[in-house]
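Enquirer: Structure file query-v3.tsv, TSV, C-alpha atoms and all ligand atoms, is pasted below:
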chain	number	residue	atom	x	y	z
A	28	MET	CA	38.75	33.38	-30.41
A	29	ALA	CA	36.37	35.20	-28.10
A	30	VAL	CA	37.67	37.95	-25.87
A	31	TYR	CA	36.02	38.24	-22.45
A	32	VAL	CA	35.91	41.30	-20.21
A	33	PHE	CA	36.57	39.04	-17.22
A	34	PRO	CA	37.72	35.44	-17.06
A	35	PRO	CA	35.00	32.87	-17.82
A	36	PRO	CA	34.20	30.43	-15.01
A	37	PRO	CA	36.52	27.47	-14.60
A	38	VAL	CA	35.60	23.91	-15.47
A	39	PHE	CA	34.54	22.15	-12.28
A	40	SER	CA	35.83	18.60	-12.11
A	41	LEU	CA	36.53	15.71	-9.79
A	42	PRO	CA	39.28	13.09	-9.79
A	43	ILE	CA	38.39	9.63	-11.05
A	44	LYS	CA	39.65	6.66	-9.08
A	45	GLY	CA	42.34	4.74	-10.90
A	46	ILE	CA	42.83	6.97	-13.93
A	47	GLY	CA	44.50	10.30	-14.56
A	48	ALA	CA	41.63	11.91	-16.46
A	49	ARG	CA	39.15	14.01	-14.49
A	50	PHE	CA	35.35	13.96	-14.45
A	51	ALA	CA	34.11	17.31	-15.78
A	52	VAL	CA	30.99	18.15	-13.80
A	53	GLN	CA	27.90	19.48	-15.58
A	54	ARG	CA	24.88	19.87	-13.27
A	55	LEU	CA	24.15	18.96	-9.66
A	56	PHE	CA	20.75	17.35	-9.06
A	57	PHE	CA	19.42	16.38	-5.62
A	58	VAL	CA	16.56	14.09	-4.70
A	59	GLY	CA	14.48	15.31	-1.76
A	60	ARG	CA	13.07	12.98	0.94
A	61	ASN	CA	14.24	9.65	-0.43
A	62	TYR	CA	14.53	7.65	2.81
A	63	HIS	CA	11.39	7.13	4.89
A	64	ALA	CA	13.09	7.69	8.24
A	65	HIS	CA	14.54	11.01	7.08
A	66	ALA	CA	11.23	12.15	5.59
A	67	GLN	CA	9.62	11.37	8.94
A	68	GLU	CA	12.25	13.27	10.94
A	69	MET	CA	11.52	16.26	8.69
A	70	GLY	CA	7.82	15.90	9.51
A	71	LYS	CA	6.95	15.10	5.87
A	72	PRO	CA	6.41	11.35	5.47
A	73	VAL	CA	6.32	9.97	1.94
A	74	ASP	CA	3.67	7.70	0.45
A	75	LYS	CA	5.28	6.20	-2.64
A	76	SER	CA	1.93	4.90	-3.90
A	77	THR	CA	0.63	8.43	-4.40
A	78	GLU	CA	3.75	10.60	-4.73
A	79	ARG	CA	6.54	11.08	-7.23
A	80	PRO	CA	10.12	11.98	-6.34
A	81	PHE	CA	11.04	15.66	-6.31
A	82	TYR	CA	14.29	17.40	-7.00
A	83	PHE	CA	16.25	20.54	-6.46
A	84	THR	CA	19.48	21.72	-8.04
A	85	LYS	CA	22.54	23.55	-6.85
A	86	ALA	CA	24.94	25.58	-8.95
A	87	THR	CA	27.97	23.61	-10.08
A	88	GLN	CA	30.03	26.43	-8.55
A	89	THR	CA	29.00	25.14	-5.09
A	90	LEU	CA	31.01	21.94	-5.65
A	91	VAL	CA	33.98	21.20	-3.41
A	92	GLN	CA	36.11	18.11	-3.38
A	93	SER	CA	36.20	15.80	-0.40
A	94	GLY	CA	38.94	16.74	2.04
A	95	ALA	CA	38.33	20.47	1.83
A	96	ASN	CA	38.07	22.84	4.75
A	97	VAL	CA	35.22	25.26	4.15
A	98	PRO	CA	33.99	28.30	6.05
A	99	TYR	CA	30.79	28.11	8.09
A	100	PRO	CA	28.35	29.80	5.70
A	101	PRO	CA	26.75	33.19	6.32
A	102	GLU	CA	23.16	33.83	7.43
A	103	THR	CA	22.53	30.50	9.18
A	104	GLN	CA	22.44	29.30	12.77
A	105	ASN	CA	21.80	25.66	11.85
A	106	TYR	CA	24.15	24.26	9.21
A	107	HIS	CA	23.37	20.58	8.60
A	108	PHE	CA	25.13	17.61	7.03
A	109	GLU	CA	23.32	15.16	4.74
A	110	MET	CA	25.25	12.04	3.69
A	111	GLU	CA	24.33	10.79	0.22
A	112	LEU	CA	25.14	8.27	-2.51
A	113	VAL	CA	25.94	10.16	-5.72
A	114	VAL	CA	25.30	8.78	-9.21
A	115	ALA	CA	27.66	10.02	-11.93
A	116	ILE	CA	26.07	10.10	-15.38
A	117	GLY	CA	28.30	9.08	-18.29
A	118	LYS	CA	25.98	9.06	-21.28
A	119	ALA	CA	23.34	11.49	-22.47
A	120	GLY	CA	19.71	10.45	-22.27
A	121	PHE	CA	16.13	11.70	-22.23
A	122	ARG	CA	13.03	9.74	-21.18
A	123	ILE	CA	15.24	6.83	-20.12
A	124	SER	CA	13.43	3.63	-19.20
A	125	GLN	CA	14.24	1.96	-15.89
A	126	GLU	CA	15.49	-0.99	-17.89
A	127	ASN	CA	17.95	1.16	-19.84
A	128	ALA	CA	19.05	3.28	-16.87
A	129	PRO	CA	22.28	1.34	-16.22
A	130	GLU	CA	23.83	2.26	-19.56
A	131	HIS	CA	23.81	5.93	-18.49
A	132	ILE	CA	25.82	5.27	-15.31
A	133	TYR	CA	29.52	6.13	-15.35
A	134	GLY	CA	30.07	5.47	-11.67
A	135	TYR	CA	29.31	6.59	-8.15
A	136	ALA	CA	30.66	8.80	-5.38
A	137	ALA	CA	30.02	9.68	-1.76
A	138	GLY	CA	28.66	13.18	-1.23
A	139	LEU	CA	27.44	15.71	1.30
A	140	ASP	CA	24.37	17.85	0.60
A	141	MET	CA	25.13	20.64	3.08
A	142	THR	CA	22.03	22.57	4.10
A	143	ARG	CA	21.11	25.79	5.91
A	144	ARG	CA	18.32	23.94	7.73
A	145	ASP	CA	16.85	27.05	9.33
A	146	LEU	CA	16.47	28.80	5.98
A	147	GLN	CA	15.30	25.66	4.20
A	148	LEU	CA	12.48	25.13	6.68
A	149	VAL	CA	11.36	28.75	6.52
A	150	ALA	CA	11.29	28.51	2.73
A	151	ARG	CA	9.47	25.19	2.81
A	152	ASP	CA	6.83	26.37	5.25
A	153	LYS	CA	6.26	29.69	3.46
A	154	GLY	CA	6.10	28.04	0.04
A	155	ARG	CA	9.26	29.78	-1.14
A	156	PRO	CA	12.11	28.35	-3.23
A	157	TRP	CA	14.78	26.39	-1.36
A	158	ASP	CA	17.77	28.12	-2.92
A	159	LEU	CA	19.00	29.99	0.14
A	160	GLY	CA	18.71	26.84	2.23
A	161	LYS	CA	20.42	24.57	-0.27
A	162	ASP	CA	22.40	26.43	-2.94
A	163	ILE	CA	25.29	27.28	-0.64
A	164	GLU	CA	28.83	28.27	-1.59
A	165	HIS	CA	31.05	25.23	-0.83
A	166	GLY	CA	27.85	23.32	0.03
A	167	SER	CA	28.04	20.40	-2.43
A	168	VAL	CA	30.80	18.06	-1.36
A	169	CYS	CA	31.87	15.06	-3.44
A	170	SER	CA	34.47	12.31	-3.26
A	171	GLU	CA	36.43	11.04	-6.20
A	172	ILE	CA	34.28	9.42	-8.88
A	173	VAL	CA	34.53	5.63	-8.78
A	174	PRO	CA	34.01	4.10	-12.22
A	175	MET	CA	31.31	1.43	-12.01
A	176	PRO	CA	29.93	1.54	-15.55
A	177	GLU	CA	26.39	0.28	-16.00
A	178	GLN	CA	26.27	-1.06	-12.44
A	179	ILE	CA	23.25	-0.57	-10.22
A	180	ILE	CA	23.95	-0.03	-6.54
A	181	ASP	CA	20.96	-1.28	-4.57
A	182	HIS	CA	22.47	-1.90	-1.14
A	183	GLY	CA	25.42	-1.01	1.04
A	184	ALA	CA	25.95	0.76	4.33
A	185	ILE	CA	25.82	4.57	4.28
A	186	ALA	CA	27.16	6.34	7.35
A	187	LEU	CA	28.46	9.66	8.64
A	188	GLU	CA	30.35	10.80	11.72
A	189	VAL	CA	31.06	14.23	13.19
A	190	ASN	CA	34.36	14.31	15.08
A	191	GLY	CA	34.32	10.52	15.03
A	192	GLN	CA	30.86	10.20	16.59
A	193	THR	CA	28.29	8.36	14.47
A	194	LYS	CA	25.35	10.52	13.41
A	195	GLN	CA	23.92	8.72	10.39
A	196	SER	CA	23.91	4.96	9.79
A	197	SER	CA	21.61	3.32	7.25
A	198	ASP	CA	21.67	1.29	4.05
A	199	VAL	CA	21.21	2.32	0.45
A	200	ASN	CA	18.64	-0.47	0.17
A	201	LYS	CA	16.28	1.87	2.04
A	202	LEU	CA	16.07	4.39	-0.81
A	203	ILE	CA	12.38	5.07	-1.51
A	204	TRP	CA	13.11	5.61	-5.20
A	205	ASN	CA	16.09	3.50	-6.26
A	206	VAL	CA	18.83	4.39	-8.73
A	207	ARG	CA	16.94	3.03	-11.76
A	208	GLU	CA	13.77	4.88	-10.80
A	209	ILE	CA	15.58	8.17	-10.16
A	210	ILE	CA	17.48	8.15	-13.46
A	211	SER	CA	14.31	7.28	-15.35
A	212	ASP	CA	12.12	9.85	-13.59
A	213	LEU	CA	14.65	12.71	-13.63
A	214	SER	CA	15.19	12.14	-17.35
A	215	LEU	CA	11.53	12.95	-17.97
A	216	PHE	CA	12.34	16.55	-16.97
A	217	TYR	CA	15.93	16.99	-18.11
A	218	HIS	CA	18.08	15.79	-20.96
A	219	LEU	CA	20.71	14.11	-18.79
A	220	GLN	CA	24.28	14.80	-19.85
A	221	PRO	CA	27.62	13.16	-19.22
A	222	GLY	CA	29.02	14.90	-16.16
A	223	ASP	CA	25.69	15.33	-14.39
A	224	LEU	CA	25.73	14.25	-10.74
A	225	ILE	CA	22.62	13.02	-8.94
A	226	TYR	CA	22.69	13.14	-5.12
A	227	THR	CA	20.17	10.46	-4.20
A	228	GLY	CA	19.00	11.71	-0.81
A	229	THR	CA	19.99	11.31	2.81
A	230	PRO	CA	19.01	8.83	5.51
A	231	GLU	CA	17.89	9.87	8.97
A	232	GLY	CA	20.13	11.42	11.60
A	233	VAL	CA	20.85	14.78	9.94
A	234	GLY	CA	22.13	17.41	12.29
A	235	PRO	CA	24.22	20.53	12.80
A	236	VAL	CA	27.91	21.25	12.64
A	237	VAL	CA	29.87	24.14	14.12
A	238	PRO	CA	33.25	25.65	13.25
A	239	GLY	CA	36.03	23.25	14.14
A	240	ASP	CA	34.00	20.14	13.35
A	241	ARG	CA	35.20	17.46	10.97
A	242	ILE	CA	32.71	15.37	9.01
A	243	THR	CA	33.59	11.92	7.72
A	244	GLY	CA	31.30	9.59	5.82
A	245	ARG	CA	31.17	6.73	3.43
A	246	VAL	CA	29.09	4.56	1.18
A	247	GLU	CA	30.20	0.95	1.53
A	248	GLY	CA	31.84	-0.33	-1.62
A	249	VAL	CA	32.00	3.14	-3.18
A	250	ALA	CA	34.00	5.86	-1.46
A	251	GLU	CA	34.63	7.98	1.60
A	252	VAL	CA	34.05	11.69	1.96
A	253	ALA	CA	35.40	14.23	4.45
A	254	LEU	CA	34.85	17.91	5.18
A	255	GLY	CA	36.26	20.33	7.73
A	256	ILE	CA	34.24	23.33	8.93
A	257	SER	CA	36.26	26.42	9.72
A	258	SER	CA	35.25	29.76	11.17
A	259	ALA	CA	32.90	31.94	9.21
A	260	SER	CA	34.69	33.87	6.52
A	261	ASP	CA	34.70	37.62	7.15
A	262	LYS	CA	35.77	38.30	3.59
A	263	ARG	CA	33.31	40.40	1.64
B	301	MN	MN	19.80	15.95	0.51
Reformat the file's structure so that it appears as structure tokens.

Expert:
Amino acid sequence: MAVYVFPPPPVFSLPIKGIGARFAVQRLFFVGRNYHAHAQEMGKPVDKSTERPFYFTKATQTLVQSGANVPYPPETQNYHFEMELVVAIGKAGFRISQENAPEHIYGYAAGLDMTRRDLQLVARDKGRPWDLGKDIEHGSVCSEIVPMPEQIIDHGAIALEVNGQTKQSSDVNKLIWNVREIISDLSLFYHLQPGDLIYTGTPEGVGPVVPGDRITGRVEGVAEVALGISSASDKR
């Protein structure tokens, strides 16, 4: 048995609705600009006829479970929520056809892709990586995983409130690239693994939170997600 000089990282996992076993999380993938109205509010409209989807990743260590209270992150003045449908992969696959995409789906969840918007936009406009804007400690929030094996979600209300006030309200049927297309396209670049989560993108209405705020959101027919924002941590 290996001896380590410090403890190896823990297994990150999420509860699964209805069963005692947990969903061990592998990687966190995120689709950028996957609703037209959000792409437009970011000043970067999408033409599906000439563009392909794009992705970014966050470290699995950024994952927090719905219901958590997290500190306002350092080095931002504009911390944004993004409400997203999350696909949970249950079966390995590479170069998956759209037709075969369903067999790789374990289930779904409701997630928040928290974003340092100020840093993301600086990075975007200077042609730099997005990591500081996106790969944020406690910045990948996810509900329980809801088993929906081999099911395709192609519609359903997606909404988010801050302190009870509606900020985002759309429908998953407005995804530019749908669940089949995302699984198929992402699997051209990565060998998808059981435990991978794919955040499918946010609708319009993204905006800031401040310490003391409480975010609630949901994807109809899937799950709810909640997050509290507390004061910035002064721990080193
Ligand atoms: Mn997002």

Enquirer: Return as a ChimeraX atom specification every polymer residue, whether protein, DNA or RNA, with at least one atom no more than 8 Å from an atom of ligand MN 301 (chain B); count only C-alpha atoms and all ligand atoms.

Expert: /A:57-60,109-111,139-142,226-229

Enquirer: Compile the contact shell of A:Asp181 as a compact mmCIF listing (two decimals) with C-alpha atoms, in the coordinates of the input: residues with an atom at most 9 Å away, counting all atoms listed in the file, same-chain residues fewer than 4 positions apart removed.

Expert:
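Now in out-v3.txt:
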# COMPACT_ATOMS: atom_id res chain seq x y z
CA VAL A 199 21.21 2.32 0.45
CA ASN A 200 18.64 -0.47 0.17
CA LYS A 201 16.28 1.87 2.04
CA LEU A 202 16.07 4.39 -0.81
CA ASN A 205 16.09 3.50 -6.26
CA VAL A 206 18.83 4.39 -8.73

Enquirer: Within 10 Å of (15.3, 9.2, -12.2), in the coordinates the file gives, what residues turn up when you count all atoms listed in the file, written out as a PDB file with C-alpha atoms, in the coordinates of the input?

Expert:
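As a result, selection06.pdb now contains:
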ATOM      1  CA  VAL A  58      16.560  14.090  -4.700  1.00  0.00           C
ATOM      2  CA  PRO A  80      10.120  11.980  -6.340  1.00  0.00           C
ATOM      3  CA  PHE A  81      11.040  15.660  -6.310  1.00  0.00           C
ATOM      4  CA  TYR A  82      14.290  17.400  -7.000  1.00  0.00           C
ATOM      5  CA  ARG A 122      13.030   9.740 -21.180  1.00  0.00           C
ATOM      6  CA  ILE A 123      15.240   6.830 -20.120  1.00  0.00           C
ATOM      7  CA  SER A 124      13.430   3.630 -19.200  1.00  0.00           C
ATOM      8  CA  GLN A 125      14.240   1.960 -15.890  1.00  0.00           C
ATOM      9  CA  ALA A 128      19.050   3.280 -16.870  1.00  0.00           C
ATOM     10  CA  TRP A 204      13.110   5.610  -5.200  1.00  0.00           C
ATOM     11  CA  ASN A 205      16.090   3.500  -6.260  1.00  0.00           C
ATOM     12  CA  VAL A 206      18.830   4.390  -8.730  1.00  0.00           C
ATOM     13  CA  ARG A 207      16.940   3.030 -11.760  1.00  0.00           C
ATOM     14  CA  GLU A 208      13.770   4.880 -10.800  1.00  0.00           C
ATOM     15  CA  ILE A 209      15.580   8.170 -10.160  1.00  0.00           C
ATOM     16  CA  ILE A 210      17.480   8.150 -13.460  1.00  0.00           C
ATOM     17  CA  SER A 211      14.310   7.280 -15.350  1.00  0.00           C
ATOM     18  CA  ASP A 212      12.120   9.850 -13.590  1.00  0.00           C
ATOM     19  CA  LEU A 213      14.650  12.710 -13.630  1.00  0.00           C
ATOM     20  CA  SER A 214      15.190  12.140 -17.350  1.00  0.00           C
ATOM     21  CA  LEU A 215      11.530  12.950 -17.970  1.00  0.00           C
ATOM     22  CA  PHE A 216      12.340  16.550 -16.970  1.00  0.00           C
ATOM     23  CA  TYR A 217      15.930  16.990 -18.110  1.00  0.00           C
ATOM     24  CA  LEU A 219      20.710  14.110 -18.790  1.00  0.00           C
ATOM     25  CA  ILE A 225      22.620  13.020  -8.940  1.00  0.00           C
ATOM     26  CA  THR A 227      20.170  10.460  -4.200  1.00  0.00           C
TER      27      THR A 227
END

Enquirer: Tell me which protein, DNA and RNA residues are within 8 Å of A:Val173, counting only C-alpha atoms, leaving out same-chain ones fewer than 3 positions away, and put them as a count of residues only.

Expert: 7

Enquirer: Find the distance between atom CA of A:Val38 and atom CA of A:Ile256 and write it in Å to one decimal.

Expert: 24.4 Å

Enquirer: So, counting all atoms listed in the file, which residue among A:Glu251, A:Glu231, A:Asp145, A:Asp240 is closest to A:Gln67?

Expert: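 So, comparing all the options, the nearest one is A:Glu231.
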
Enquirer: Which residue, A:Val113, A:Met69, A:Val52, A:Ile242, has the smallest gap to A:Gln192 when you use only C-alpha atoms?

Expert: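 Of the candidates, the smallest distance to A:Gln192 is held by A:Ile242.
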
Enquirer: Closest to A:Ile116 among A:Ala86, A:Ile203, A:Ala95, A:Leu55, using all atoms listed in the file?

Expert: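 Result for the nearest residue to A:Ile116: A:Leu55.
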
Enquirer: Excluding stretch 99-102 of chain A and residues on its chain fewer than 6 positions from it, collect all residues at most 7 Å away from it, counting all atoms listed in the file, and give them as a list of chain:residue names.

Expert: A:Pro238, A:Ile256, A:Ser257, A:Ser258, A:Ala259

Enquirer: Next, the residues of the selection above should be written as a PDB file, in the coordinates of the input with C-alpha atoms.

Expert:
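This went into selection.pdb:
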ATOM      1  CA  PRO A 238      33.250  25.650  13.250  1.00  0.00           C
ATOM      2  CA  ILE A 256      34.240  23.330   8.930  1.00  0.00           C
ATOM      3  CA  SER A 257      36.260  26.420   9.720  1.00  0.00           C
ATOM      4  CA  SER A 258      35.250  29.760  11.170  1.00  0.00           C
ATOM      5  CA  ALA A 259      32.900  31.940   9.210  1.00  0.00           C
TER       6      ALA A 259
END

Enquirer: Any idea what the distance is between atom CA of A:Ser170 and atom CA of A:Ala253?

Expert: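 Computing the Euclidean distance for atom CA of A:Ser170 and atom CA of A:Ala253 yields 8.0 Å.
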
Enquirer: Between atom CA of A:Phe50 and atom CA of A:Val252, what is the distance, to one decimal in Å?

Expert: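 Taking atom CA of A:Phe50 and atom CA of A:Val252, their separation equals 16.6 Å.
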
Enquirer: Generate the missing atoms of stretch 167-200 of chain A up to N, CA and C atoms and report them as a short mmCIF file (atom, residue, chain, number, x, y, z; two decimals), in the frame of the given file.

Expert:
data_model
loop_
_atom_site.label_atom_id
_atom_site.label_comp_id
_atom_site.auth_asym_id
_atom_site.auth_seq_id
_atom_site.Cartn_x
_atom_site.Cartn_y
_atom_site.Cartn_z
N SER A 167 28.23 21.70 -1.75
CA SER A 167 28.04 20.40 -2.43
C SER A 167 29.38 19.69 -2.44
N VAL A 168 29.52 18.72 -1.57
CA VAL A 168 30.80 18.06 -1.36
C VAL A 168 30.76 16.71 -2.06
N CYS A 169 31.87 16.34 -2.72
CA CYS A 169 31.87 15.06 -3.44
C CYS A 169 33.24 14.42 -3.39
N SER A 170 33.23 13.11 -3.22
CA SER A 170 34.47 12.31 -3.26
C SER A 170 34.94 12.18 -4.69
N GLU A 171 36.04 11.46 -4.86
CA GLU A 171 36.43 11.04 -6.20
C GLU A 171 35.29 10.24 -6.82
N ILE A 172 35.26 10.24 -8.16
CA ILE A 172 34.28 9.42 -8.88
C ILE A 172 34.86 8.02 -9.03
N VAL A 173 34.08 7.02 -8.67
CA VAL A 173 34.53 5.63 -8.78
C VAL A 173 33.86 5.01 -10.00
N PRO A 174 34.64 4.68 -11.03
CA PRO A 174 34.01 4.10 -12.22
C PRO A 174 33.34 2.76 -11.90
N MET A 175 32.07 2.69 -12.16
CA MET A 175 31.31 1.43 -12.01
C MET A 175 30.31 1.39 -13.15
N PRO A 176 30.82 1.34 -14.39
CA PRO A 176 29.93 1.54 -15.55
C PRO A 176 28.80 0.53 -15.59
N GLU A 177 27.61 1.07 -15.79
CA GLU A 177 26.39 0.28 -16.00
C GLU A 177 26.03 -0.58 -14.79
N GLN A 178 26.62 -0.29 -13.64
CA GLN A 178 26.27 -1.06 -12.44
C GLN A 178 25.19 -0.33 -11.65
N ILE A 179 24.27 -1.10 -11.11
CA ILE A 179 23.25 -0.57 -10.22
C ILE A 179 23.65 -0.86 -8.79
N ILE A 180 23.74 0.17 -7.97
CA ILE A 180 23.95 -0.03 -6.54
C ILE A 180 22.57 -0.06 -5.88
N ASP A 181 22.27 -1.18 -5.23
CA ASP A 181 20.96 -1.28 -4.57
C ASP A 181 21.07 -1.63 -3.09
N HIS A 182 22.29 -1.70 -2.57
CA HIS A 182 22.47 -1.90 -1.14
C HIS A 182 23.87 -1.45 -0.76
N GLY A 183 24.11 -1.42 0.53
CA GLY A 183 25.42 -1.01 1.04
C GLY A 183 25.24 0.00 2.15
N ALA A 184 26.05 -0.14 3.18
CA ALA A 184 25.95 0.76 4.33
C ALA A 184 26.28 2.19 3.91
N ILE A 185 25.55 3.14 4.48
CA ILE A 185 25.82 4.57 4.28
C ILE A 185 25.87 5.19 5.67
N ALA A 186 26.95 5.88 5.97
CA ALA A 186 27.16 6.34 7.35
C ALA A 186 27.95 7.63 7.37
N LEU A 187 27.78 8.37 8.47
CA LEU A 187 28.46 9.66 8.64
C LEU A 187 28.77 9.86 10.12
N GLU A 188 29.96 10.43 10.36
CA GLU A 188 30.35 10.80 11.72
C GLU A 188 30.73 12.28 11.76
N VAL A 189 30.51 12.90 12.91
CA VAL A 189 31.06 14.23 13.19
C VAL A 189 32.05 14.08 14.33
N ASN A 190 33.28 14.46 14.09
CA ASN A 190 34.36 14.31 15.08
C ASN A 190 34.44 12.87 15.59
N GLY A 191 34.20 11.92 14.69
CA GLY A 191 34.32 10.52 15.03
C GLY A 191 33.09 9.90 15.65
N GLN A 192 32.08 10.71 15.95
CA GLN A 192 30.86 10.20 16.59
C GLN A 192 29.79 9.95 15.53
N THR A 193 29.26 8.73 15.51
CA THR A 193 28.29 8.36 14.47
C THR A 193 27.00 9.17 14.59
N LYS A 194 26.59 9.75 13.47
CA LYS A 194 25.35 10.52 13.41
C LYS A 194 24.33 9.90 12.46
N GLN A 195 24.81 9.35 11.36
CA GLN A 195 23.92 8.72 10.39
C GLN A 195 24.44 7.31 10.11
N SER A 196 23.54 6.34 10.08
CA SER A 196 23.91 4.96 9.79
C SER A 196 22.69 4.26 9.21
N SER A 197 22.75 3.94 7.92
CA SER A 197 21.61 3.32 7.25
C SER A 197 22.14 2.43 6.14
N ASP A 198 21.28 2.13 5.18
CA ASP A 198 21.67 1.29 4.05
C ASP A 198 21.00 1.83 2.80
N VAL A 199 21.74 1.81 1.72
CA VAL A 199 21.21 2.32 0.45
C VAL A 199 20.00 1.50 -0.01
N ASN A 200 19.83 0.31 0.55
CA ASN A 200 18.64 -0.47 0.17
C ASN A 200 17.35 0.14 0.72
#
